[in-house]
Structures are given as C-alpha cells and as structure tokens.
$ cat my_file-v8.txt   # compact mmCIF, C-alpha atoms
# COMPACT_ATOMS: atom_id res chain seq x y z
CA VAL A 1 22.19 -10.95 -1.99
CA LEU A 2 19.85 -13.05 0.16
CA ASP A 3 17.70 -12.58 3.26
CA LEU A 4 15.89 -15.03 5.55
CA ASP A 5 12.44 -14.05 6.79
CA HIS A 6 11.71 -13.63 10.50
CA ASP A 7 9.96 -17.02 10.75
CA ASP A 8 12.91 -18.89 9.18
CA ALA A 9 10.42 -20.07 6.54
CA ARG A 10 11.42 -18.29 3.32
CA LEU A 11 14.52 -16.98 1.60
CA ALA A 12 14.48 -13.92 -0.66
CA ILE A 13 17.30 -14.21 -3.19
CA GLN A 14 18.57 -11.73 -5.76
CA VAL A 15 18.98 -13.51 -9.09
CA ALA A 16 21.53 -12.00 -11.47
CA ASP A 17 20.20 -12.07 -15.05
CA VAL A 18 19.91 -9.73 -18.03
CA LYS A 19 17.71 -7.84 -15.58
CA ASP A 20 18.02 -8.85 -11.95
CA TYR A 21 14.96 -10.01 -10.06
CA VAL A 22 14.03 -11.39 -6.64
CA TRP A 23 13.14 -15.06 -6.10
CA VAL A 24 11.31 -16.08 -2.90
CA TYR A 25 11.93 -19.70 -1.88
CA ASP A 26 9.74 -21.60 0.60
CA LEU A 27 12.08 -23.82 2.62
CA ALA A 28 9.37 -26.24 3.84
CA GLN A 29 7.73 -26.75 0.44
CA GLY A 30 11.03 -26.78 -1.45
CA GLN A 31 9.81 -24.45 -4.17
CA GLY A 32 9.90 -20.79 -5.06
CA ARG A 33 8.59 -18.07 -7.32
CA LYS A 34 9.65 -14.78 -8.83
CA LEU A 35 8.47 -11.91 -6.67
CA PRO A 36 5.93 -9.67 -8.47
CA ASP A 37 7.26 -6.34 -9.74
CA SER A 38 10.84 -7.36 -8.94
CA THR A 39 12.29 -7.13 -12.48
CA GLY A 40 15.38 -4.93 -12.31
CA TYR A 41 15.53 -5.06 -8.52
CA GLY A 42 17.81 -6.77 -6.01
CA TRP A 43 19.08 -6.42 -2.41
CA PRO A 44 15.92 -7.99 -0.88
CA ALA A 45 15.15 -7.46 2.80
CA PHE A 46 12.24 -9.02 4.70
CA ALA A 47 10.09 -7.02 7.12
CA PRO A 48 8.66 -8.72 10.24
CA ASP A 49 5.22 -8.89 8.55
CA GLY A 50 6.61 -10.64 5.45
CA SER A 51 6.85 -7.55 3.24
CA VAL A 52 9.97 -7.31 1.07
CA ALA A 53 11.98 -4.19 0.27
CA MET A 54 13.98 -4.28 -2.97
CA THR A 55 16.50 -1.86 -4.42
CA MET A 56 17.28 -0.78 -7.99
CA SER A 57 20.40 1.40 -8.06
CA ARG A 58 22.38 2.68 -11.02
CA ARG A 59 25.36 4.95 -11.57
CA THR A 60 26.45 6.29 -14.94
CA ALA A 61 28.95 8.97 -15.91
CA ALA A 62 26.19 11.58 -15.82
CA THR A 63 23.45 10.31 -13.52
CA LEU A 64 22.58 8.51 -10.31
CA GLU A 65 19.34 6.64 -9.72
CA THR A 66 17.91 4.65 -6.83
CA ARG A 67 14.45 3.17 -6.49
CA ILE A 68 13.27 1.26 -3.45
CA ARG A 69 10.11 -0.78 -3.95
CA ILE A 70 8.05 -2.45 -1.23
CA VAL A 71 6.08 -5.63 -1.94
CA PRO A 72 3.62 -5.89 1.00
CA GLY A 73 3.28 -9.21 2.73
CA ASP A 74 -0.54 -9.01 2.64
CA GLY A 75 -0.63 -9.26 -1.16
CA SER A 76 -1.60 -5.65 -1.80
CA ALA A 77 -0.03 -3.63 -4.61
CA SER A 78 3.67 -2.82 -4.45
CA TYR A 79 4.73 0.80 -4.14
CA LEU A 80 7.84 2.97 -4.27
CA ALA A 81 9.28 4.00 -0.91
CA LEU A 82 11.99 6.03 -2.67
CA ASP A 83 12.54 7.25 -6.23
CA SER A 84 15.64 9.44 -6.36
CA GLY A 85 17.86 10.79 -9.11
CA GLU A 86 20.49 11.90 -6.60
CA LEU A 87 21.33 8.71 -4.69
CA GLU A 88 23.18 5.47 -5.19
CA ALA A 89 21.98 3.46 -2.22
CA ALA A 90 20.52 0.15 -1.01
CA VAL A 91 18.34 -1.17 1.81
CA SER A 92 20.00 -3.43 4.39
CA ASP A 93 17.28 -3.99 7.04
CA TRP A 94 13.87 -3.04 8.51
CA THR A 95 13.14 -1.75 11.99
CA PRO A 96 11.40 -4.42 14.13
CA ASP A 97 8.15 -2.40 13.97
CA GLY A 98 8.31 -2.29 10.16
CA GLN A 99 8.13 1.50 10.06
CA ALA A 100 11.57 2.35 8.66
CA LEU A 101 14.42 0.98 6.57
CA ALA A 102 18.18 1.11 7.11
CA LEU A 103 19.77 2.64 4.03
CA SER A 104 23.41 2.54 2.90
CA ASP A 105 24.17 5.65 0.82
CA TRP A 106 27.21 5.04 -1.42
CA VAL A 107 27.46 8.72 -2.41
CA SER A 108 27.72 10.23 1.08
CA LEU A 109 29.35 7.01 2.40
CA SER A 110 26.91 6.99 5.30
CA MET A 111 23.78 5.32 6.64
CA GLY A 112 20.28 6.69 6.92
CA LEU A 113 16.79 5.74 8.07
CA LEU A 114 14.06 5.87 5.42
CA PRO A 115 10.32 5.77 6.28
CA ALA A 116 8.85 2.61 4.77
CA SER A 117 5.59 4.41 4.03
CA GLY A 118 7.04 6.19 1.02
CA THR A 119 6.56 9.58 2.68
CA GLY A 120 9.07 11.56 4.68
CA GLU A 121 12.75 12.34 4.38
CA ILE A 122 15.83 10.23 4.96
CA ARG A 123 17.29 10.75 8.43
CA TYR A 124 21.05 10.45 8.05
CA LEU A 125 23.14 9.16 10.94
CA GLU A 126 26.06 11.46 11.67
CA SER A 127 29.45 9.95 10.81
CA ASN A 128 32.94 10.96 9.69
CA THR A 129 33.85 7.57 8.22
CA LEU A 130 32.59 5.08 5.65
CA GLU A 131 29.70 3.16 7.23
CA TRP A 132 27.29 0.72 5.62
CA GLY A 133 25.16 -2.42 6.06
CA GLY A 134 23.17 -1.36 9.11
CA MET A 135 21.24 -4.14 10.93
CA PHE A 136 18.81 -3.41 13.78
CA SER A 137 18.92 -4.97 17.22
CA PRO A 138 15.79 -7.00 18.17
CA ASP A 139 14.48 -4.06 20.23
CA GLY A 140 15.19 -1.58 17.43
CA LYS A 141 17.25 0.71 19.66
CA TRP A 142 20.71 -0.14 18.28
CA LEU A 143 22.31 -0.67 14.91
CA SER A 144 25.28 -2.88 13.98
CA PHE A 145 27.25 -1.97 10.85
CA SER A 146 30.60 -2.05 9.05
CA SER A 147 32.89 0.94 9.52
CA ASP A 148 36.47 1.80 8.58
CA GLN A 149 36.91 4.24 11.48
CA SER A 150 39.85 2.23 12.84
CA GLY A 151 41.62 2.17 9.47
CA ARG A 152 40.11 -1.12 8.30
CA PHE A 153 36.60 -2.49 8.29
CA GLU A 154 35.37 -3.65 11.69
CA ILE A 155 31.92 -4.22 13.15
CA TRP A 156 30.56 -1.36 15.22
CA VAL A 157 27.30 -0.71 17.05
CA ARG A 158 25.58 2.58 17.75
CA SER A 159 22.46 3.62 19.62
CA LEU A 160 19.67 5.31 17.69
CA ASP A 161 18.74 7.76 20.42
CA ASP A 162 19.96 11.34 20.61
CA ARG A 163 23.19 10.32 22.35
CA GLY A 164 24.31 8.14 19.42
CA GLN A 165 26.65 6.01 21.57
CA ARG A 166 29.16 4.09 19.46
CA ARG A 167 31.37 1.09 20.13
CA GLN A 168 33.70 -1.12 18.11
CA ILE A 169 32.98 -4.80 18.90
CA THR A 170 35.53 -6.63 16.70
CA ALA A 171 39.31 -6.30 16.71
CA ASN A 172 40.55 -8.40 13.79
CA GLY A 173 38.43 -7.15 10.90
CA GLY A 174 34.87 -7.88 9.88
CA ILE A 175 32.05 -6.93 7.51
CA GLU A 176 28.35 -7.66 6.86
CA SER A 177 26.89 -7.99 10.34
CA VAL A 178 23.65 -9.82 11.19
CA TRP A 179 22.06 -9.06 14.58
CA CYS A 180 20.50 -12.41 15.52
CA PRO A 181 17.54 -12.71 17.97
CA CYS A 182 19.54 -15.52 19.59
CA GLY A 183 21.75 -12.93 21.31
CA ARG A 184 24.65 -12.82 18.86
CA ILE A 185 25.95 -10.46 16.20
CA TYR A 186 27.31 -12.47 13.29
CA PHE A 187 29.81 -11.10 10.79
CA ARG A 188 32.15 -12.30 8.07
CA ARG A 189 35.90 -12.52 7.46
CA GLY A 190 36.43 -14.03 4.03
CA ASP A 191 34.87 -17.50 4.12
CA GLU A 192 34.75 -17.55 7.95
CA PHE A 193 31.61 -16.53 9.83
CA TRP A 194 32.09 -15.32 13.38
CA PHE A 195 29.86 -13.94 16.14
CA VAL A 196 30.07 -11.70 19.17
CA PRO A 197 27.74 -12.62 22.09
CA VAL A 198 25.37 -9.83 23.17
CA GLU A 199 23.87 -9.34 26.62
CA PRO A 200 20.80 -7.12 26.03
CA GLY A 201 19.92 -4.16 28.17
CA ALA A 202 19.64 -0.38 28.13
CA THR A 203 23.31 -0.46 27.17
CA PRO A 204 24.14 -3.91 25.74
CA THR A 205 27.39 -5.63 26.65
CA PHE A 206 29.43 -7.60 24.16
CA GLY A 207 31.61 -10.67 24.57
CA GLN A 208 34.62 -12.02 22.70
CA GLU A 209 34.63 -13.01 19.03
CA GLN A 210 33.99 -16.70 18.33
CA LEU A 211 34.22 -18.67 15.10
CA ALA A 212 30.85 -20.22 14.13
CA PHE A 213 31.07 -21.48 10.53
CA THR A 214 33.62 -21.92 7.77
CA VAL A 215 32.31 -22.27 4.20
CA THR A 216 34.47 -23.89 1.55
CA ASP A 217 34.13 -22.23 -1.85
CA PHE A 218 32.02 -19.35 -0.49
CA LEU A 219 30.81 -17.07 -3.29
CA ASP A 220 31.33 -13.45 -2.32
CA THR A 221 29.03 -10.95 -4.04
CA PRO A 222 28.34 -7.23 -3.68
CA GLY A 223 26.01 -7.02 -0.70
CA ARG A 224 25.35 -9.48 2.11
CA SER A 225 25.18 -12.97 0.58
CA TYR A 226 24.44 -14.90 3.79
CA ASP A 227 22.00 -15.01 6.69
CA VAL A 228 21.61 -16.95 9.94
CA SER A 229 18.53 -18.65 11.43
CA SER A 230 16.87 -17.01 14.42
CA ASP A 231 18.37 -19.60 16.80
CA GLY A 232 21.86 -19.07 15.37
CA GLU A 233 22.26 -22.74 14.41
CA VAL A 234 21.86 -22.66 10.60
CA LEU A 235 23.85 -20.62 8.09
CA TYR A 236 22.36 -19.82 4.68
CA THR A 237 24.87 -18.66 2.10
CA LEU A 238 25.92 -18.74 -1.53
CA LYS A 239 28.35 -21.34 -2.82
CA ARG A 240 29.56 -22.16 -6.29
CA SER A 241 27.54 -24.89 -8.00
CA GLU A 242 30.88 -26.39 -9.02
CA PRO A 243 34.20 -25.88 -7.19
CA ALA A 244 36.54 -23.33 -8.71
CA VAL A 245 39.41 -24.94 -10.65
CA VAL A 246 42.66 -23.68 -9.15
CA ASP A 247 45.05 -26.60 -9.67
CA ARG A 248 45.65 -26.60 -13.44
CA ILE A 249 46.84 -24.39 -16.29
CA HIS A 250 45.52 -24.63 -19.86
CA VAL A 251 48.00 -23.91 -22.68
CA ILE A 252 46.71 -22.97 -26.15
CA ALA A 253 49.30 -23.40 -28.90
CA ASN A 254 49.34 -21.24 -32.05
CA TRP A 255 46.45 -19.12 -30.85
CA LEU A 256 47.38 -16.24 -33.19
CA GLY A 257 47.22 -18.62 -36.12
CA SER A 258 43.82 -19.83 -34.97
CA LEU A 259 42.55 -16.25 -34.87
CA ALA A 260 43.90 -15.54 -38.35
CA ALA A 261 42.23 -18.69 -39.73
CA ARG A 262 38.94 -17.72 -38.10
CA GLU A 263 39.10 -14.17 -39.52
CA GLY A 264 39.76 -15.60 -42.98
CA SER A 265 36.76 -17.91 -42.77
CA VAL A 266 34.52 -15.01 -41.68
CA ARG A 267 35.60 -12.93 -44.66
$ encode --input "my_file-v8.txt" --output "structure tokens"
Amino acid sequence: VLDLDHDDARLAIQVADVKDYVWVYDLAQGQGRKLPDSTGYGWPAFAPDGSVAMTMSRRTAATLETRIRIVPGDGSASYLALDSGELEAAVSDWTPDGQALALSDWVSLSMGLLPASGTGEIRYLESNTLEWGGMFSPDGKWLSFSSDQSGRFEIWVRSLDDRGQRRQITANGGIESVWCPCGRIYFRRGDEFWFVPVEPGATPTFGQEQLAFTVTDFLDTPGRSYDVSSDGEVLYTLKRSEPAVVDRIHVIANWLGSLAAREGSVR
C-alpha cells in the first residue's frame, strides 16, 4: 500500500518484511526513512497536516485485532486512535480537516468514520452491500468507494449528510478510487487506471469514464497500491523490479530421485 501526501512531496509506503513497517520517501531529496513506531503496521494514509495513520490488523481462528496508530506531522509522540479486539479493519483516508478517518471494516463489510483524536466511537455508514476503500471529496462532504451493490464492484459516491445520497459513477467495473483535487475520481481496472470527471457543487455531477494510464507489469497487492498527483498528471504505483517470466517452462528430470538422494545425504 502507498499514499502520496497532500503537497505531492512525500510517499508513504508499506514495506512487507518479517514485520511490516512504513517507509516515508522524500521525492525531491530522493531519500527516505522508516517511520517511527511503524513496526508491524501498514496501510499508511497521509493527513493534510502531514500526519500519518497506520493500521495493524490480524485475524486468527479465535481472535480479531486492529490497531490504528497516528504519527503526528509535528514530530510529537505517536498515539493509538483505535485498539480493538473485535475488528478487522484498515484506514483508507482522512477528512480534509484532519478530524476523522475513513475506515473499512472487513467484519461488518461496511465503512465507518473514526475520530482521529483517539476518543469517540466509530460512526458506521448504513449499507446493505460490501463497501470499502472510502476516499473523501476535497470539501469533505462526499465519499467515493468500491461497492458490489450492482453485482460486481463499481465505484460509487455518497453524501455524508443525513440524506446519504448515493450514486454509481462507473458502468464497467472498478475498484480503489482516489478523489483528486484536480476534479477527477480515479479508479482501477486491472492494470488500467481510469477517471470520471467531477463538476463540484452542492450535488456534484459526474462525466463519462476515461482511460488515463496503463501500467505494464503492475503489481497488485491487498489495499490501494497506487496514487495520483494533485494535478492528475502523475501516477505513482507499484511495479515488479523484474518482469514476470511468462514465456517459458522449466522441466526437472528425475526429481523424485533427486529428493531420495538428498534425504539419504541428510541421514
């Protein structure tokens, strides 16, 4: 998972290791560092003030556990915004005012809003379908997300007021939306990255889907493994360091004999 900060200056990247951690990379300086207190955490999400929310989520046969830790942008001590033994969830975005987090709850298959202060309850958004990956509009009044309400995953938007207006804005499938300040909602279909133009207003209007980028050898991971610059011109994503080999077959002769010989040498 990766996330670009609001100034297009830094990337927060989840590094998969024995224990995951978050690496923050400065694009201008060309160097990065491990984020403090990030061992075991992933799913990074930048706040407008440079703070980073990280998620540690585990499921076993007997237990669930989710911790959400905030590393403030001002350098003060990190703190837990959520420590639950009843959830398997992850943060997907911050409100533009930095007061709340969009949460995808994999147990209830729904989205919620979590106060970033570490106090207060999760406010769940009413839904009868699987919904996840909420991303706030620039004014914080709307949320784009992935939903299977139509029978397959499409991108939807909903208002966050009491009316909860909802609208499907894609017709040919889509996941992992990004609501760009440039007036577009980006989303993904395989290794193709599309957008829907947005005309802001009390009730936004949405245009037709348009293809923006195609990435050869895109590396799909659990979570959103791409982001788009604030002007919509640059795509940041994960690719394989070496292309996948798909044009050859390796044949190993007498492999049972090789195993028997190896077992004999071990004994």
$ closest_residue --input "my_file-v8.txt" --among "A:Val157, A:Leu80, A:Leu219, A:Met135" --to "Val178 of chain A" --atoms "all atoms listed in the file"
A:Met135
$ axis_aligned_box --input "my_file-v8.txt" --around "segment 2-21 of chain A" --padding-each-side "8 Å" --output "AutoDock Vina command-line options"
--center_x 15.7 --center_y -14.0 --center_z -3.6 --size_x 27.6 --size_y 28.2 --size_z 44.8
$ residues_around --input "my_file-v8.txt" --residues "Asp8 of chain A" --least-positions-apart "3" --cutoff "7 Å" --atoms "only C-alpha atoms" --output "list in words"
Leu4, Asp5, Ser229 and Ser230 of chain A
$ residues_around --input "my_file-v8.txt" --residues "Pro138 of chain A" --least-positions-apart "5" --cutoff "9 Å" --atoms "all atoms listed in the file" --output "number ranges by chain"
A: 95-96, 179-181, 183
$ residues_around --input "my_file-v8.txt" --residues "Leu160 of chain A" --least-positions-apart "5" --cutoff "9 Å" --atoms "only C-alpha atoms" --output "ChimeraX atom specification"
/A:125,140-143,165
$ closest_residue --input "my_file-v8.txt" --among "A:Ser108, A:Leu114, A:Asp37, A:Asp93" --to "Ala77 of chain A" --atoms "all atoms listed in the file"
A:Asp37
$ closest_residue --input "my_file-v8.txt" --among "A:Gly164, A:Tyr236, A:Ser159, A:Glu86" --to "Gly201 of chain A" --atoms "only C-alpha atoms"
A:Ser159
$ residues_around --input "my_file-v8.txt" --residues "Val107 of chain A" --least-positions-apart "3" --cutoff "10 Å" --atoms "all atoms listed in the file" --output "list of chain:residue names"
A:Leu64, A:Glu86, A:Leu87, A:Glu88, A:Ala89, A:Ser104, A:Ser110
$ closest_residue --input "my_file-v8.txt" --among "A:Arg184, A:Met54, A:Val71, A:Phe213" --to "Val234 of chain A" --atoms "all atoms listed in the file"
A:Phe213
$ closest_residue --input "my_file-v8.txt" --among "A:Ser258, A:Ser137, A:Thr129, A:Thr216" --to "Ser177 of chain A" --atoms "all atoms listed in the file"
A:Ser137
$ closest_residue --input "my_file-v8.txt" --among "A:Ala53, A:Ala261, A:Ala12, A:Val196" --to "Arg69 of chain A" --atoms "only C-alpha atoms"
A:Ala53
$ atom_distance --input "my_file-v8.txt" --atom1 "atom CA of Ile185 of chain A" --atom2 "atom CA of Met111 of chain A"
18.6 Å
$ residues_around --input "my_file-v8.txt" --residues "Glu176 of chain A" --least-positions-apart "3" --cutoff "7 Å" --atoms "all atoms listed in the file" --output "list in words"
Gly133, Ser146, Phe187, Arg188 and Arg224 of chain A
$ atom_distance --input "my_file-v8.txt" --atom1 "atom CA of Asn172 of chain A" --atom2 "atom CA of Phe195 of chain A"
12.3 Å
$ atom_distance --input "my_file-v8.txt" --atom1 "atom CA of Pro44 of chain A" --atom2 "atom CA of Asp3 of chain A"
6.4 Å
